[in-house]
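A short write-up of the structure that comes next.
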Protein chains: 6
Amino acid sequence: MNEIKTALVISAHSADFVWRCGGAIALHRSLGYKVTVVCLSFGERGESAKLWKQEGMTLEAVKKARRIEAENAAKALDLSDIRFFDLGDYPLELDREAKHRLVDVIREVQPAFMLSHSQYDPYNTDHMYTTQVALETRMIAQAWGHNPGQKVLGAPQLYLFEPHQTEQMGWKPDTFLDITPVWERKRAAIECMAGQEHLWEYYTRVAQQRANHFKRNSGGQSGGRDCKYAEAFQSVFPRTVDEL
Amino acid sequence: MNEIKTALVISAHSADFVWRCGGAIALHRSLGYKVTVVCLSFGERGESAKLWKQEGMTLEAVKKARRIEAENAAKALDLSDIRFFDLGDYPLELDREAKHRLVDVIREVQPAFMLSHSQYDPYNTDHMYTTQVALETRMIAQAWGHNPGQKVLGAPQLYLFEPHQTEQMGWKPDTFLDITPVWERKRAAIECMAGQEHLWEYYTRVAQQRANHFKRNSGGQSGGRDCKYAEAFQSVFPRTVDEL
Amino acid sequence: MNEIKTALVISAHSADFVWRCGGAIALHRSLGYKVTVVCLSFGERGESAKLWKQEGMTLEAVKKARRIEAENAAKALDLSDIRFFDLGDYPLELDREAKHRLVDVIREVQPAFMLSHSQYDPYNTDHMYTTQVALETRMIAQAWGHNPGQKVLGAPQLYLFEPHQTEQMGWKPDTFLDITPVWERKRAAIECMAGQEHLWEYYTRVAQQRANHFKRNSGGQSGGRDCKYAEAFQSVFPRTVDEL
Amino acid sequence: MNEIKTALVISAHSADFVWRCGGAIALHRSLGYKVTVVCLSFGERGESAKLWKQEGMTLEAVKKARRIEAENAAKALDLSDIRFFDLGDYPLELDREAKHRLVDVIREVQPAFMLSHSQYDPYNTDHMYTTQVALETRMIAQAWGHNPGQKVLGAPQLYLFEPHQTEQMGWKPDTFLDITPVWERKRAAIECMAGQEHLWEYYTRVAQQRANHFKRNSGGQSGGRDCKYAEAFQSVFPRTVDEL
Amino acid sequence: MNEIKTALVISAHSADFVWRCGGAIALHRSLGYKVTVVCLSFGERGESAKLWKQEGMTLEAVKKARRIEAENAAKALDLSDIRFFDLGDYPLELDREAKHRLVDVIREVQPAFMLSHSQYDPYNTDHMYTTQVALETRMIAQAWGHNPGQKVLGAPQLYLFEPHQTEQMGWKPDTFLDITPVWERKRAAIECMAGQEHLWEYYTRVAQQRANHFKRNSGGQSGGRDCKYAEAFQSVFPRTVDEL
Amino acid sequence: MNEIKTALVISAHSADFVWRCGGAIALHRSLGYKVTVVCLSFGERGESAKLWKQEGMTLEAVKKARRIEAENAAKALDLSDIRFFDLGDYPLELDREAKHRLVDVIREVQPAFMLSHSQYDPYNTDHMYTTQVALETRMIAQAWGHNPGQKVLGAPQLYLFEPHQTEQMGWKPDTFLDITPVWERKRAAIECMAGQEHLWEYYTRVAQQRANHFKRNSGGQSGGRDCKYAEAFQSVFPRTVDEL
């Protein structure tokens with residue numbers, strides 16, 4: 001089948017997709033995937049401290065600034081399909097209508113795989129809520145009786161991208177992705193996040209550490225494949241394979 | 001690289017490899033893999049009840065009968081390399097020499113992946129002990145200072161095959177393998193286990209149930225690939241990939 | 001005391017009680033229990049794929065068909081008290097009024113034990129939501145200040161019946177129930193589910209596998225009691241006993 | 001800095017703070033802390049059985065009685081700042097306005113540490129819901145964009161105080177606090193709970209058992225510090241220290 | 001069948017059985033069970049601090065004193081079959097011969113249920129080692145090929161009795177046993193432990209707290225059965241039942 | 001009391017203490033602690049790949065080189081008490097005599113706290129074995145009957161230092177230590193590890209990432225204390241405190 005493959009990222013706040021799976025996005029773009037990112041909120045209240053420290057800042061101005069940063073980052077990642085649901089943050093909440101809007105996107109995209117947050121996060125309840133919604137809307141998208149006539153969803157993997165302070169979240173990666181070929185794109189996207197410059201080096205180091213783990217698991221000191229930058233993911237569902 | 005790929009099964013007792021990964025063995029044989037099975041014991045004390053119920057049975061006679069069954073099963077699976085360590089069972093114990101013997105096999109085989117038991121089994125401590133030894137010997141095989149000059153091991157995945165009463169073992173499969181193409185071989189191997197005829201249908205049903213799970217995870221009612229027989233595995237180590 | 005003993009099943013969708021605890025229902029009916037089943041929804045959107053594939057299907061028609069199937073299954077299980085809350089599915093949601101309606105049933109029934117879904121289910125968030133509601137309404141039913149004057153609830157066990165793909169749900173059974181005496185009833189109930197004929201054999205095999213586990217845990221090869229069909233359950237609360 | 005240190009307790013029902021952290025409150029008061037307790041409800045429906053057993057009891061009368069008990073207990077603990085949100089119990093629910101009200105208190109108090117319930121409680125869903133809200137409101141209080149201009153919250157520890165039947169809640173204490181110096185205050189507060197006299201001795205024994213654990217962990221039979229009464233807590237977040 | 005039922009306790013040190021399951025022993029004795037206790041060691045090195053603080057104490061004298069205490073406690077519990085393996089403690093270690101000796105006892109007793117320690121105990125590795133050995137020897141006792149001709153073991157439950165500091169051990173009780181009818185016997189047995197008088201009240205309180213839990217789980221404030229003293233246990237294996 | 005405080009590190013291989021707790025060692029030295037490091041082996045077989053790749057290398061030469069590196073690192077950390085048990089690695093095994101030798105050191109040192117590896121490590125069974133031995137020997141050191149007359153051990157905390165690939169080890173840090181003041185010492189010690197130069201930057205980044213976590217947990221964007229380098233630890237035992 002020469003259909004175009006697709007992927008869907010569900011991001012609680014508008015910057016999460018950059019730090020946590022920007023490499024996966026750029027890499028799959030380079031592999032020909034169509035990638036869609038849904039930002040449920042702009043992180044305007046909770047993840048824009050630097051902006052709020054400016055005199056006279058308003059909610060609309062923060063949202064606008066965050067949107068521009070996210071759009072620029074998307075461009076850097078060669079991502080054209082980014083959608084802002086603007087649902088508010090801290091706390092993020094989806095009513096039935098918002099969930100159906102997300103189901104519509106899932107069905108439209110028909111992703112080969114999905115990406116979202118860890119299932120537990122005591123520091124940031126928006127993150128774990130987003131994953132709960134991702135599971136719920138994935139299920140609705142699979143229902144033949146939801147908007148009958150639409151194409152129902154298959155059973156895409158849901159990968160949980162790397163949270164901050166992984167051990168506190170009970171997140172355990174089972175998949176390391178080599179993002180070396182697209183690292184420059186990810187770094188460029190990271191640098192679009194002007195408001196969080198203190199994190200640029202932090203997430204560069206994350207990618208370097210994960211590259212070390214990639215090498216250990218691909219063979220270690222006995223033929224492990226080289227890798228300079230990587231991202232890590234936890235799968236929610238089992239894989240189905242024809243070869244181990 | 002057109003090297004032949006290899007796989008290694010470490011089986012506590014001489015019948016375990018048949019019930020638990022006979023499909024994986026036959027399938028990878030059909031894919032051109034060289035597969036090696038090490039049976040650490042014959043299960044002569046603990047897994048040969050039917051034989052022991054015969055008048056005048058001796059330990060040697062049980063071991064011989066079990067060996068013949070295992071060899072026949074191996075043939076049915078198109079497996080030529082099966083090795084019997086004859087270390088005794090209930091309890092199984094490996095001294096340093098026996099561990100080194102196993103390390104030698106690991107280095108000789110240089111497996112692309114390994115297969116063994118679950119990490120916890122309150123019903124059968126031989127099983128969990130075997131996995132502990134599999135991890136320990138995998139580590140020794142990676143050591144440059146163990147028998148310097150030998151080719152050291154890379155970082156093969158260790159898959160844990162399906163135990164009996166999975167939930168009691170804390171075993172959670174993350175990989176379902178379609179064994180439909182080789183099912184007849186696995187069933188034939190199962191039928192070599194004359195002493196455990198009561199389990200033939202049990203393990204046939206296991207394969208059918210896992211096929212149902214395969215389908216659910218490959219797309220469910222919306223395009224899930226058909227599958228009639230499957231086996232399930234839990235990975236110990238993360239995967240390294242170039243595409244999610 | 002020669003009071004009639006009672007049991008209550010809380011089922012997210014109208015077919016769940018058949019596959020997952022039809023044997024327990026029929027068995028306790030045969031023991032003289034009064035059993036009540038509450039179906040919170042018909043599973044009309046998410047669990048009726050076959051019906052929706054028919055031309056011109058409507059939500060009402062699906063619900064009607066599902067209701068008839070459930071009522072027929074109930075009859076097959078000798079169950080006369082089945083109640084349809086018709087709250088919608090995918091997603092299922094209970095507002096305060098719906099919860100109070102469920103509390104009313106719990107208090108009316110005064111169950112010796114309750115049955116519901118597993119506590120985690122990433123495939124089906126309706127299932128885990130139902131169990132959360134079961135715990136919440138059980139608690140409300142115990143409150144002396146909720147509808148004062150009504151008889152308050154004691155502390156019935158909540159058994160979690162077997163989910164699909166048990167290991168993915170983190171569900172671990174601690175109780176195996178022999179349903180051999182009522183198997184024909186359960187099979188008859190299963191066959192009322194015309195829309196899910198592909199699952200008849202699947203759930204028959206589940207019962208056969210659980211019977212094997214029953215035997216292993218009741219004595220194994222040394223006097224284990226025979227059992228041909230069983231169901232498995234996980235207890236939420238500890239038991240109080242006068243003999244181990 | 002000679003600022004007054006502060007602590008905040010979030011209690012689902014109006015008596016929880018007495019049984020579960022009355023010692024911590026009295027002790028930190030004696031250390032000069034300003035302590036604030038928020039009672040989200042009076043536990044009027046679910047935790048006032050004795051009152052409801054009285055003829056002609058009304059919801060308002062129960063709430064009033066519970067409030068007086070709590071205020072008396074507060075006095076016994078030398079606690080002057082106790083706030084009743086009166087949000088109803090069994091089930092307890094906070095809408096956005098109630099959450100913002102709680103955020104306001106958190107920001108006003110700027111606690112050095114917070115105290116609330118265990119994260120899981122199948123017996124009492126109000127308890128685990130309260131902790132979920134505690135995490136969510138702690139997060140909102142940290143957001144620079146929530147009521148900009150207010151002083152945002154730092155990163156106070158959230159201690160989970162001891163639930164009933166600890167093992168069923170998956171609660172594991174990592175911190176034992178010696179409350180011997182203030183035990184008389186805690187006991188006096190406990191005795192303000194006229195409606196639950198059957199629990200006075202129970203919670204006295206809890207404190208004695210925890211004192212035994214304190215001693216074991218402070219040195220045991222080789223110099224463990226004496227302690228007659230203690231309370232136990234589980235930390236949600238890691239500590240930051242300058243000495244191990 | 002009017003066979004006498006039997007039970008077997010495997011105790012790491014000679015006093016463990018008293019504190020942790022003295023009630024279960026006395027109760028089952030009163031129910032007509034034959035109960036056997038195996039003390040693998042006397043706890044002579046690690047659990048006899050008070051004796052060692054006496055001038056001129058020797059290992060033999062400690063063992064003798066501990067043996068007398070245990071025998072007296074056994075008498076108080078109406079237990080006549082107590083066996084001392086005298087294998088040494090801190091650390092306790094069983095070689096193959098000692099394990100076979102224990103297997104012999106298991107087969108001789110043919111217990112309806114077994115009792116031993118928690119599976120994890122970072123304070124006392126003898127305890128968790130004992131449980132590991134209990135599982136291993138239970139397995140060997142089930143093997144038809146171990147001492148063929150002997151009666152093989154069925155599948156007795158293994159109950160894990162209550163450790164000190166339960167939450168640190170990851171121990172979660174699922175069974176509460178009412179020991180009120182035999183409490184005086186347990187208390188008398190406890191008072192035989194002259195060397196650990198500081199623990200008499202501690203374990204009396206444990207029994208009282210567990211009685212409170214018994215009541216909560218048998219019906220709570222709505223008809224919960226009264227209970228003054230109880231013991232708690234965790235089951236390793238699932239139960240097989242004919243009624244939920 | 002103006003006694004000198006002490007700490008003890010139990011390191012499986014001779015370089016582990018440098019990467020994993022070199023900062024804690026140097027910091028506590030600067031605080032006046034006497035610190036002792038026990039290297040159970042040199043890591044001569046399993047952690048000296050670079051040396052073994054040299055022509056004509058021998059086991060003795062590797063051990064010597066590793067010892068010199070470790071001694072130099074110790075000096076860099078201002079650590080004078082480093083002891084090499086030379087027990088061999090891959091696999092590391094301690095017989096009773098070796099364990100008693102370790103107990104002797106524990107009693108001699110009387111540590112205020114101990115440091116060792118994570119409790120689970122499927123990549124390196126020497127690491128988890130070492131922690132098991134650390135717990136066992138800590139217990140023996142507490143026994144009044146082990147070498148009566150010696151000063152018995154109290155109840156020091158056992159901190160588990162950071163393993164490689166933390167999430168795979170099930171290791172969760174609860175304590176972050178600021179090592180900024182001694183970072184230059186740790187970096188100097190790291191640079192003594194000539195054979196593992198590829199890890200210098202890796203472990204520098206680990207310290208930088210942990211510093212970020214330190215800041216988040218000490219107050220985040222609202223007054224979090226600055227920190228440039230940190231180490232993380234998991235506690236095995238609960239803390240006993242006089243203030244939360």
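Identifiers for the structure tokens are assigned positionally: chains receive A, B, ... in sequence, residues are indexed from 1 per chain, and ligands are indexed from 1 in the order shown.
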
Excluding same-chain residues fewer than 5 positions from stretch 222-236 of chain A, what lies within 8 Å of it counting only C-alpha atoms, as JSON, numbers by chain?
{"A": [20, 21, 23, 24, 157, 158, 159, 160, 161, 162, 171, 172, 173, 174, 175, 176, 177, 178, 179, 180, 183, 207, 208, 209, 210, 211, 212, 214, 215, 216, 217], "B": [142, 152, 153, 154, 155], "C": [122]}

Residue list for chain D near chain C as a PyMOL selection string, 6 Å, only C-alpha atoms:
chain D and resi 45-46+49+90+125

Emit the selected residues as a short mmCIF file (atom, residue, chain, number, x, y, z; two decimals), in the first residue's frame, including C-alpha atoms.
```cif
data_model
loop_
_atom_site.label_atom_id
_atom_site.label_comp_id
_atom_site.auth_asym_id
_atom_site.auth_seq_id
_atom_site.Cartn_x
_atom_site.Cartn_y
_atom_site.Cartn_z
CA ARG D 45 -23.49 12.47 55.74
CA GLY D 46 -20.81 9.84 55.84
CA ALA D 49 -23.43 7.80 62.17
CA TYR D 90 -20.31 11.41 50.16
CA THR D 125 -13.42 7.97 47.52
#
```

Any chance you could list, as a PyMOL selection string, the residues in stretch 50-110 of chain A that come up strand (DSSP E or B) when DSSP is run on the backbone?
chain A and resi 81-84

Output the selection as a compact mmCIF listing (two decimals), in the first residue's frame - N, CA and C atoms for each residue.
```
# COMPACT_ATOMS: atom_id res chain seq x y z
N ASP A 81 0.87 20.88 10.09
CA ASP A 81 -0.48 20.71 10.64
C ASP A 81 -0.48 20.80 12.16
N ILE A 82 -0.60 22.00 12.67
CA ILE A 82 -0.67 22.18 14.11
C ILE A 82 -1.99 22.89 14.44
N ARG A 83 -2.71 22.37 15.43
CA ARG A 83 -4.04 22.89 15.72
C ARG A 83 -4.13 23.30 17.19
N PHE A 84 -4.66 24.47 17.41
CA PHE A 84 -4.74 24.99 18.77
C PHE A 84 -6.19 24.94 19.24
```

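Atom CA of C:Leu8 sits 4.8 Å away from atom CA of C:Met114.
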
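Residue nearest F:Lys50 within the list A:Ala65, A:Val182, A:Gln221, A:Pro91: A:Gln221 [criterion: smallest interatomic distance, only C-alpha atoms].
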
All alpha helix (DSSP H) positions in stretch 16-65 of chain A, as an MDAnalysis selection string
chainID A and resid 16:30 49:52 59:65

Selection: 9 Å around B:Leu92, only C-alpha atoms, excl. self and same-chain fewer than 6 positions, as a list in words:
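My reading of the contact set: Ala12, Leu40, Ser41, Thr125, Asp126, His127, Tyr129 and Thr130 of chain B.
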
Name all residues at most 12 Å from C:Ser80 (count only C-alpha atoms; drop same-chain ones fewer than 2 positions away) and give them as a list in words.
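The residues that qualify are Ile25, Ala26, Arg29, Tyr33, Lys34, Val35, Thr36, Val37, Val38, Ala70, Glu71, Asn72, Ala73, Ala74, Lys75, Ala76, Leu77, Asp78, Ile82 and Arg83 of chain C.
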
When you draw a straight line from atom CA of C:Arg66 to atom CA of C:Gly170, how long is it in Å?
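Taking atom CA of C:Arg66 and atom CA of C:Gly170, their separation equals 29.1 Å.
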
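Of the residues under consideration (A:Asn124, A:Ser14, A:Thr131, A:Gln54), A:Ser14 shows the shortest atom-to-atom contact distance to A:Gly88 when counting only C-alpha atoms.
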